[in-house]
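The structure under discussion appears below in the form of structure tokens.
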Amino acid sequence: MEGKQTRGRQKIAIKRIENEDDRLITFSKRRSGIYKKASELVTLCGAEVAVLVFSPAGKAFSFGHPSIESVANRFLGQNIAPNDNTHPLVEAHRKVRINELNQQHNELLVMEAERDRWKVLKEGTSEKSSQGWWEAPIDEFSLQELKQMNVMLEEFHKNLHKKINELRRNGGASSFQAHTGHATNIPFCQL
């Protein structure tokens with residue numbers, strides 16, 4: 001059984017749609033898309049937004065935050081209407097939330113920059129195939145990065161000795177020798 005064959009999403013020429021039914025459907029879909037983008041702008045940036053759209057049939061549609069009237073009055077330079085229905089506590093909460101989101105955004109930007117910097121350093125060390133990660137150019141690390149690397153090396157050292165001791169206790173020294181191709185002279189560790 002064959003499914004319905006559709007053309008999927010296609011790029012359309014930006015010009016007036018001649019078919020009236022298609023034009024009304026496109027208007028309805030695009031209008032909801034504009035409202036969604038306006039709502040995202042309000043949520044992400046704390047912007048005050050007003051969108052007023054008239055359909056091809058002449059019907060008015062609007063979206064506004066905090067309201068169409070307050071945005072229009074602000075645009076026209078008039079005082080905010082006394083019947084503005086935004087409660088002061090709601091407005092205060094909104095401003096606090098916006099500040100929190102802006103702070104989180106700034107922290108994410110810093111984290112992205114650090115991640116990108118780490119990638120560059122990691123790529124720089126991986127390009128030198130004869131060198132390992134432990135031979136990274138430590139002159140380029142910050143104090144915090146050096147401390148992190150020290151913790152990682154200590155953890156690696158602890159795990160290495162733990163594995164060697166485990167192999168020796170289980171009679172795995174011979175398998176360790178067979179695997180590496182040489183005997184170890186690492187003393188038995190008590191960690």
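Numbering starts fresh at 1 for the residues of each chain in the structure tokens, the chains themselves are lettered A, B, ... in the order given, and ligands are numbered from 1 as they appear.
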
- request: May I have the residues within 12 Å of Ser28 (chain A) as number ranges by chain, using only C-alpha atoms and disregarding those fewer than 5 positions away in the same chain?
  value: A: 21-23, 33-35, 53-57, 59, 61

Rank nothing, just name the residue among A:Glu140, A:Glu123, A:Glu69, A:Glu114 nearest to Val49 (chain A), using only C-alpha atoms.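 Going through A:Glu140, A:Glu123, A:Glu69, A:Glu114 one by one, the smallest distance to Val49 (chain A) is for A:Glu69.
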
Practice prompt. Mind the document's chain letters and residue numbers, and return as a list in words the residues of region 14-163 of chain A that DSSP labels strand (DSSP E).
Written response: Val49, Ala50, Val51, Leu52, Val53, Phe54, Ala60, Phe61, Ser62, Phe63, Gly64 and His65 of chain A

Atomic distance CA of Met111 (chain A) - CA of Glu155 (chain A), expressed in Å with one decimal
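One can read the CA of Met111 (chain A) to CA of Glu155 (chain A) distance as 23.9 Å.
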
Practice item. Go through A:Glu18, A:Leu76, A:Ala38, A:Arg9 and flag the residue nearest Ser62 (chain A), using only C-alpha atoms for the distances. Key: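 Selected residue with least distance to Ser62 (chain A): A:Ala38.
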
Using only C-alpha atoms, the best pick from A:Met152, A:Ala92, A:Val51, A:Leu143 as closest to Ser32 (chain A) would be A:Val51

What separates CA of Gln144 (chain A) and CA of Asn99 (chain A) is a distance of 27.7 Å
